[in-house]
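Undergrad: You'll find upload_39.cif just under this line, and it carries mmCIF, C-alpha atoms and all ligand atoms.
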```cif
data_protein
loop_
_atom_site.label_atom_id
_atom_site.label_comp_id
_atom_site.auth_asym_id
_atom_site.auth_seq_id
_atom_site.Cartn_x
_atom_site.Cartn_y
_atom_site.Cartn_z
CA MET A 1 -31.60 1.51 2.70
CA SER A 2 -31.79 2.31 -1.01
CA ALA A 3 -34.52 0.75 -3.18
CA LYS A 4 -31.94 -1.36 -5.00
CA PRO A 5 -30.87 -4.60 -3.32
CA VAL A 6 -27.67 -4.64 -1.30
CA VAL A 7 -24.91 -6.66 -2.99
CA LEU A 8 -22.61 -8.85 -0.89
CA ILE A 9 -19.35 -9.56 -2.71
CA THR A 10 -16.74 -12.02 -1.47
CA GLY A 11 -13.11 -11.48 -2.41
CA ALA A 12 -13.85 -7.78 -2.89
CA SER A 13 -10.45 -6.49 -1.76
CA ALA A 14 -8.71 -7.11 -5.11
CA GLY A 15 -9.01 -8.24 -8.71
CA ILE A 16 -12.38 -9.28 -10.11
CA GLY A 17 -14.25 -8.78 -6.83
CA ALA A 18 -13.02 -5.20 -6.44
CA VAL A 19 -14.24 -4.39 -9.95
CA TYR A 20 -17.62 -5.99 -9.20
CA ALA A 21 -17.80 -3.67 -6.17
CA ASP A 22 -16.90 -0.68 -8.34
CA ARG A 23 -19.56 -1.50 -10.94
CA PHE A 24 -22.39 -2.31 -8.52
CA ALA A 25 -21.65 0.92 -6.62
CA GLN A 26 -21.75 2.79 -9.93
CA ARG A 27 -25.19 1.25 -10.48
CA GLY A 28 -26.30 2.69 -7.14
CA HIS A 29 -26.28 -0.47 -5.00
CA ASP A 30 -25.22 -0.47 -1.37
CA LEU A 31 -22.52 -3.05 -0.72
CA VAL A 32 -21.20 -5.50 1.83
CA LEU A 33 -17.57 -6.28 1.02
CA VAL A 34 -16.01 -9.50 2.29
CA ALA A 35 -12.31 -10.47 2.32
CA ARG A 36 -9.38 -10.74 4.75
CA ASP A 37 -7.42 -7.56 3.93
CA GLN A 38 -9.22 -4.90 5.97
CA PRO A 39 -7.09 -1.89 4.89
CA ARG A 40 -7.65 -2.67 1.20
CA LEU A 41 -11.39 -3.12 1.81
CA GLU A 42 -11.51 0.16 3.71
CA ALA A 43 -9.72 2.06 0.95
CA LEU A 44 -12.11 0.69 -1.67
CA ALA A 45 -15.15 1.38 0.50
CA ALA A 46 -14.06 4.99 1.11
CA ARG A 47 -13.56 5.57 -2.62
CA LEU A 48 -16.99 4.15 -3.53
CA ARG A 49 -18.85 5.99 -0.74
CA GLU A 50 -17.26 9.22 -1.89
CA ARG A 51 -17.76 8.66 -5.63
CA ASP A 52 -21.22 7.08 -5.70
CA GLY A 53 -22.81 8.10 -2.39
CA VAL A 54 -23.62 4.48 -1.58
CA ASN A 55 -23.46 2.69 1.73
CA VAL A 56 -20.48 0.32 1.88
CA GLU A 57 -19.97 -2.02 4.81
CA ILE A 58 -16.96 -4.20 5.43
CA LEU A 59 -17.23 -7.71 6.76
CA ARG A 60 -13.71 -8.96 7.35
CA ALA A 61 -13.65 -12.74 6.99
CA ASP A 62 -11.32 -15.57 6.11
CA LEU A 63 -13.77 -17.87 4.36
CA THR A 64 -11.63 -20.93 5.12
CA GLN A 65 -12.19 -20.35 8.85
CA GLN A 66 -15.36 -21.81 10.33
CA ALA A 67 -16.27 -18.91 12.63
CA ASP A 68 -15.72 -16.30 9.90
CA LEU A 69 -17.71 -18.30 7.36
CA GLU A 70 -20.57 -18.67 9.84
CA GLN A 71 -20.61 -14.91 10.37
CA VAL A 72 -21.08 -14.30 6.63
CA GLU A 73 -23.67 -17.08 6.39
CA ALA A 74 -25.68 -15.52 9.22
CA ARG A 75 -25.61 -12.15 7.52
CA LEU A 76 -26.81 -13.62 4.22
CA ALA A 77 -29.54 -15.62 5.89
CA ASN A 78 -30.89 -12.83 8.08
CA ASP A 79 -30.35 -9.51 6.33
CA ALA A 80 -33.42 -9.04 4.13
CA GLY A 81 -31.75 -6.05 2.45
CA ILE A 82 -29.17 -8.27 0.70
CA GLY A 83 -30.59 -9.27 -2.68
CA VAL A 84 -27.45 -10.22 -4.60
CA LEU A 85 -24.61 -12.56 -3.59
CA VAL A 86 -21.44 -12.45 -5.67
CA ASN A 87 -19.52 -15.60 -4.73
CA ASN A 88 -16.18 -14.46 -6.13
CA ALA A 89 -13.47 -15.20 -3.53
CA GLY A 90 -11.15 -17.88 -4.78
CA THR A 91 -7.54 -18.71 -5.18
CA ALA A 92 -5.18 -20.90 -7.18
CA ALA A 93 -2.33 -23.06 -5.99
CA ALA A 94 1.20 -23.50 -7.25
CA GLY A 95 2.45 -26.84 -8.52
CA THR A 96 0.92 -29.99 -9.94
CA PHE A 97 -1.54 -32.25 -8.14
CA VAL A 98 1.28 -34.64 -7.26
CA GLU A 99 3.19 -31.79 -5.61
CA GLN A 100 0.32 -30.04 -3.80
CA GLY A 101 -0.41 -32.33 -0.87
CA ALA A 102 -3.19 -32.56 1.69
CA GLU A 103 -3.03 -29.05 3.13
CA VAL A 104 -3.26 -27.32 -0.25
CA VAL A 105 -6.07 -29.67 -1.33
CA SER A 106 -8.07 -28.88 1.80
CA LYS A 107 -7.51 -25.11 1.63
CA LEU A 108 -8.36 -24.77 -2.04
CA ILE A 109 -11.52 -26.82 -1.71
CA ALA A 110 -12.48 -24.92 1.46
CA LEU A 111 -12.33 -21.55 -0.29
CA ASN A 112 -13.22 -22.34 -3.91
CA ALA A 113 -15.92 -24.95 -3.31
CA THR A 114 -17.09 -25.30 0.32
CA ALA A 115 -17.42 -21.57 1.02
CA VAL A 116 -19.18 -20.97 -2.32
CA ALA A 117 -21.72 -23.72 -1.65
CA ARG A 118 -22.25 -22.75 1.99
CA LEU A 119 -22.83 -19.07 1.22
CA ALA A 120 -25.26 -20.01 -1.56
CA ALA A 121 -26.98 -22.41 0.86
CA ALA A 122 -27.23 -19.66 3.48
CA VAL A 123 -29.03 -17.25 1.18
CA ALA A 124 -31.00 -19.61 -1.10
CA PRO A 125 -33.85 -20.43 1.32
CA ARG A 126 -34.53 -16.72 1.92
CA PHE A 127 -34.35 -15.84 -1.79
CA ALA A 128 -36.65 -18.79 -2.63
CA ARG A 129 -39.14 -17.65 0.03
CA GLU A 130 -39.03 -14.08 -1.25
CA GLY A 131 -39.27 -15.17 -4.91
CA GLN A 132 -36.37 -12.93 -5.88
CA GLY A 133 -32.62 -12.44 -5.58
CA ALA A 134 -29.51 -13.27 -7.56
CA ILE A 135 -26.51 -15.52 -6.95
CA VAL A 136 -23.42 -14.94 -9.10
CA ASN A 137 -20.75 -17.63 -8.83
CA VAL A 138 -17.33 -16.99 -10.34
CA ALA A 139 -16.08 -20.27 -11.83
CA SER A 140 -13.44 -20.54 -14.60
CA VAL A 141 -12.97 -21.91 -18.09
CA LEU A 142 -10.40 -24.19 -16.44
CA GLY A 143 -13.34 -26.12 -15.02
CA LEU A 144 -14.06 -27.27 -18.57
CA VAL A 145 -10.52 -28.21 -19.60
CA PRO A 146 -8.76 -30.98 -17.61
CA GLU A 147 -6.00 -30.86 -20.24
CA TYR A 148 -4.76 -27.48 -18.96
CA HIS A 149 -2.80 -28.96 -16.01
CA ALA A 150 -4.76 -27.25 -13.26
CA THR A 151 -6.42 -30.39 -11.91
CA LEU A 152 -7.37 -29.34 -8.39
CA TYR A 153 -8.24 -25.73 -9.24
CA GLY A 154 -10.19 -26.84 -12.32
CA ALA A 155 -12.07 -29.43 -10.28
CA THR A 156 -13.21 -26.75 -7.81
CA LYS A 157 -14.37 -24.62 -10.73
CA ALA A 158 -16.22 -27.54 -12.35
CA PHE A 159 -17.97 -27.87 -8.97
CA VAL A 160 -18.94 -24.19 -9.07
CA LEU A 161 -20.30 -24.51 -12.61
CA PHE A 162 -22.37 -27.59 -11.72
CA LEU A 163 -23.58 -25.97 -8.50
CA SER A 164 -24.73 -22.93 -10.46
CA GLN A 165 -26.50 -24.95 -13.13
CA GLY A 166 -28.21 -27.08 -10.48
CA LEU A 167 -29.25 -24.01 -8.52
CA HIS A 168 -30.62 -22.48 -11.70
CA VAL A 169 -32.81 -25.58 -12.20
CA GLU A 170 -33.94 -25.52 -8.56
CA LEU A 171 -34.29 -21.80 -7.90
CA GLY A 172 -35.03 -20.38 -11.36
CA PRO A 173 -38.72 -21.38 -11.21
CA LYS A 174 -38.95 -19.65 -7.81
CA GLY A 175 -37.80 -16.33 -9.28
CA VAL A 176 -34.14 -16.48 -8.21
CA TYR A 177 -31.50 -15.74 -10.85
CA VAL A 178 -28.30 -17.79 -10.77
CA GLN A 179 -25.30 -17.04 -12.98
CA ALA A 180 -21.98 -18.86 -13.39
CA VAL A 181 -19.23 -16.63 -14.77
CA LEU A 182 -16.34 -18.45 -16.46
CA PRO A 183 -13.39 -16.10 -16.96
CA GLY A 184 -10.38 -17.15 -18.96
CA ALA A 185 -6.97 -15.80 -17.97
CA THR A 186 -7.57 -12.35 -16.48
CA ARG A 187 -4.93 -9.88 -15.30
CA THR A 188 -5.12 -10.05 -11.48
CA ASP A 189 -2.85 -11.03 -8.58
CA ILE A 190 -4.15 -14.62 -8.61
CA TRP A 191 -1.37 -15.53 -11.03
CA SER A 192 1.43 -14.40 -8.74
CA HIS A 193 -0.24 -16.27 -5.84
CA ALA A 194 0.06 -19.40 -7.99
CA GLY A 195 3.71 -18.65 -8.73
CA LYS A 196 3.10 -17.67 -12.36
CA ASP A 197 3.94 -14.54 -14.34
CA VAL A 198 0.78 -13.35 -16.09
CA ASN A 199 2.91 -11.46 -18.62
CA GLU A 200 4.15 -14.76 -20.01
CA LEU A 201 0.61 -15.80 -21.00
CA ASN A 202 -1.18 -15.12 -24.26
CA GLY A 203 -4.79 -14.01 -24.45
CA VAL A 204 -5.05 -12.34 -21.04
CA MET A 205 -8.15 -10.19 -20.50
CA GLU A 206 -8.07 -6.95 -18.51
CA VAL A 207 -10.11 -7.22 -15.34
CA ASP A 208 -12.40 -4.27 -16.18
CA ASP A 209 -13.33 -5.86 -19.52
CA LEU A 210 -13.97 -9.19 -17.82
CA VAL A 211 -16.35 -7.79 -15.21
CA ASP A 212 -18.16 -5.53 -17.68
CA ALA A 213 -18.77 -8.57 -19.92
CA ALA A 214 -19.88 -10.66 -16.94
CA LEU A 215 -22.35 -7.92 -16.02
CA ALA A 216 -23.63 -7.76 -19.59
CA GLY A 217 -24.38 -11.48 -19.22
CA TYR A 218 -25.99 -10.73 -15.84
CA ASP A 219 -28.24 -8.12 -17.41
CA LEU A 220 -29.21 -10.66 -20.11
CA ARG A 221 -30.00 -13.15 -17.32
CA GLU A 222 -27.62 -15.73 -18.79
CA THR A 223 -27.11 -18.85 -16.69
CA VAL A 224 -23.55 -19.34 -17.93
CA THR A 225 -21.44 -16.41 -19.09
CA ILE A 226 -18.07 -17.07 -20.73
CA PRO A 227 -16.62 -13.62 -21.50
CA PRO A 228 -13.69 -14.77 -23.68
CA LEU A 229 -15.65 -17.25 -25.85
CA PRO A 230 -16.05 -15.64 -29.30
CA ASP A 231 -18.86 -17.91 -30.56
CA ASP A 232 -21.45 -18.81 -27.91
CA GLN A 233 -22.91 -21.41 -30.26
CA GLN A 234 -19.99 -23.63 -29.16
CA TRP A 235 -21.24 -23.57 -25.58
CA LYS A 236 -24.81 -24.21 -26.72
CA THR A 237 -23.66 -27.20 -28.82
CA PHE A 238 -21.69 -28.56 -25.84
CA GLU A 239 -24.74 -28.25 -23.59
CA ALA A 240 -27.03 -29.83 -26.17
CA ALA A 241 -24.65 -32.83 -26.49
CA ARG A 242 -24.61 -33.25 -22.71
CA GLN A 243 -28.39 -33.12 -22.47
CA ALA A 244 -28.81 -35.58 -25.35
CA MET A 245 -26.46 -38.00 -23.54
CA ALA A 246 -28.33 -37.52 -20.24
CA ALA A 247 -31.52 -38.79 -21.89
CA ASN A 248 -29.80 -42.20 -22.23
CA PHE A 249 -28.69 -42.67 -18.60
CA GLY A 250 -31.82 -44.46 -17.31
CA GLN A 251 -31.28 -48.10 -18.37
CA SER A 252 -32.13 -51.30 -16.49
CA LYS A 253 -29.21 -53.17 -18.07
CA PRO A 254 -25.54 -52.22 -18.54
CA ALA A 255 -24.54 -51.17 -22.04
CA ALA A 256 -23.91 -54.05 -24.46
CA ARG A 257 -20.14 -53.40 -24.54
CA TYR A 258 -19.86 -54.16 -20.80
CA ARG A 259 -22.15 -57.20 -20.94
CA ALA A 260 -19.88 -58.68 -23.61
CA THR A 261 -16.78 -58.02 -21.45
CA ALA A 262 -18.40 -59.57 -18.34
CA ALA A 263 -19.40 -62.71 -20.27
CA GLU A 264 -15.88 -63.17 -21.63
CA ALA A 265 -14.37 -62.84 -18.13
CA LYS A 266 -16.42 -65.83 -16.77
P1 LIG B 301 -7.27 -12.13 -6.73
O1 LIG B 301 -6.90 -10.86 -7.38
O2 LIG B 301 -6.20 -12.96 -6.10
O3 LIG B 301 -8.43 -11.84 -5.67
C1 LIG B 301 -8.92 -12.87 -4.86
C2 LIG B 301 -9.86 -12.28 -3.83
O4 LIG B 301 -10.29 -13.34 -2.96
C3 LIG B 301 -9.20 -11.22 -3.00
O5 LIG B 301 -10.12 -10.21 -2.69
C4 LIG B 301 -8.83 -11.98 -1.73
O6 LIG B 301 -8.84 -11.06 -0.65
C5 LIG B 301 -9.99 -12.96 -1.62
N1 LIG B 301 -9.62 -14.11 -0.81
C6 LIG B 301 -8.57 -14.94 -1.00
N2 LIG B 301 -8.52 -15.84 -0.01
C7 LIG B 301 -9.56 -15.57 0.81
C8 LIG B 301 -10.04 -16.14 2.01
N3 LIG B 301 -9.42 -17.19 2.58
N4 LIG B 301 -11.15 -15.62 2.59
C9 LIG B 301 -11.76 -14.55 2.04
N5 LIG B 301 -11.36 -13.97 0.90
C10 LIG B 301 -10.27 -14.48 0.30
O7 LIG B 301 -7.97 -13.12 -7.75
P2 LIG B 301 -9.06 -12.87 -8.91
O8 LIG B 301 -8.42 -13.24 -10.18
O9 LIG B 301 -9.74 -11.58 -8.76
O10 LIG B 301 -10.07 -14.05 -8.54
C11 LIG B 301 -11.44 -13.85 -8.28
C12 LIG B 301 -12.19 -15.10 -8.72
O11 LIG B 301 -12.05 -15.24 -10.13
C13 LIG B 301 -11.65 -16.39 -8.12
O12 LIG B 301 -12.73 -17.24 -7.77
C14 LIG B 301 -10.85 -16.99 -9.23
O13 LIG B 301 -10.72 -18.39 -9.13
C15 LIG B 301 -11.67 -16.56 -10.43
N6 LIG B 301 -10.96 -16.59 -11.71
C16 LIG B 301 -9.88 -15.79 -11.94
C17 LIG B 301 -9.22 -15.88 -13.18
C18 LIG B 301 -8.00 -15.04 -13.48
O14 LIG B 301 -7.31 -15.34 -14.47
N7 LIG B 301 -7.73 -14.00 -12.72
C19 LIG B 301 -9.68 -16.77 -14.16
C20 LIG B 301 -10.77 -17.56 -13.89
C21 LIG B 301 -11.43 -17.45 -12.67
P3 LIG B 301 -7.96 -11.14 0.69
O15 LIG B 301 -6.60 -11.58 0.31
O16 LIG B 301 -8.06 -9.74 1.21
O17 LIG B 301 -8.69 -12.12 1.56
#
```
Will you turn the file into structure tokens for me?

TA:
Amino acid sequence: MSAKPVVLITGASAGIGAVYADRFAQRGHDLVLVARDQPRLEALAARLRERDGVNVEILRADLTQQADLEQVEARLANDAGIGVLVNNAGTAAAGTFVEQGAEVVSKLIALNATAVARLAAAVAPRFAREGQGAIVNVASVLGLVPEYHATLYGATKAFVLFLSQGLHVELGPKGVYVQAVLPGATRTDIWSHAGKDVNELNGVMEVDDLVDAALAGYDLRETVTIPPLPDDQQWKTFEAARQAMAANFGQSKPAARYRATAAEAK
């Protein structure tokens, strides 16, 4: 094993995850690549072994399937060599919430939310015990914008952002780094999976630029990295407003506006 921690990347067969694999291999990390498409994973692994001389292992898993998820959880919990988890696997769904239906709701939440939380939960106790490690969760700017008509997908990404911020609060003091990455529209296959043509969108980032920016945020130990946001003061202002509001949540009585309404209703 090399001195650098092994990086386990989910959704490494394509798009953002494949570029994370490329960049961590370039940095000299051994890798464990997780996804369903074994031939694509094998082609990537062969290229990185050859180019960077790193060890690349493939763990084929469908993270919406219980047995496969458990296999990845066990690896994260028990392999002391793994020091970085990149929780990247995720998908989008075609249609509006009204059109999507129960099966799509379950599948999207299983991959984008449940698997992310369960893999973080599998590795967090070990990282906390060891006082080191990093968890990178790929969320999305859509988790901040309900107005963009991606209700279910955005809700899963809001979950990932909250999970990351909560884990930062809980694990940061124990020496574990947690990062949420919020890409905007990025040129990958996810768009065609959702029945959309990426070429019809404005402001699409190339996937190499996205991951390089995310890794710049990683190196800075940012908790939340939003590669497309030009002025990060906007995020800081948003966070400050949220925290100022939170200071007012502990009240023994409902707010005056609701007391007035209740009295009128009697
Ligand atoms: P992508 O090109 O479609 O890649 C998705 C990856 O997830 C693939 O490696 C895919 O591999 C894997 N995956 C899909 N279903 C899986 C399953 N059931 N079990 C295991 N792995 C599975 O999409 P991407 O754009 O790179 O997305 C990566 C992450 O970025 C996602 O979390 C996405 O929500 C987020 N994101 C993307 C954008 C964007 O515009 N592209 C914007 C914001 C956030 P297999 O098919 O081989 O399993």

Undergrad: Tell me which of A:Ala246, A:Val145, A:Ala61, A:Leu8 sits closest to Val123 in chain A, counting all atoms listed in the file.

TA: A:Leu8

Undergrad: Please, which residues have at least one atom within 8 Å of an atom of ligand LIG 301 (chain B), using only C-alpha atoms and all ligand atoms, listed as JSON, numbers by chain?

TA: {"A": [10, 11, 12, 13, 14, 15, 16, 17, 18, 34, 35, 36, 37, 38, 40, 41, 60, 61, 62, 63, 64, 65, 87, 88, 89, 90, 91, 92, 111, 112, 138, 139, 140, 141, 142, 153, 157, 182, 183, 184, 185, 186, 187, 188, 189, 190, 191, 193, 204, 205, 207]}

Undergrad: So what do you get for CA of Asp231 in chain A versus CA of Asp212 in chain A, distance-wise?

TA: 17.9 Å

Undergrad: At what distance in Å, to one decimal, does CA of Leu161 in chain A lie from CA of Ala240 in chain A?

TA: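 Answer for the CA of Ala240 in chain A to CA of Leu161 in chain A separation: 16.0 Å.
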
Undergrad: How many Å lie between CA of Leu59 in chain A and CA of Arg118 in chain A, rounded to one decimal?

TA: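 Taking CA of Leu59 in chain A and CA of Arg118 in chain A, their separation equals 16.6 Å.
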
Undergrad: Determine, counting all atoms listed in the file, every residue of protein, DNA or RNA that lies within 6 Å of (-22.5, -15.9, -11.2) in the file coordinates, then give the result as a list in words.

TA: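 The answer, in the requested form, is Ile135, Val136, Asn137, Val138, Gln179, Ala180 and Val181 of chain A.
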
Undergrad: Smallest atom-to-atom distance to Tyr218 in chain A: which of A:Asp30, A:Leu76, A:Ala134, A:Trp235, using all atoms listed in the file?

TA: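 Checking each of A:Asp30, A:Leu76, A:Ala134, A:Trp235 against Tyr218 in chain A, counting all atoms listed in the file, the winner is A:Ala134.
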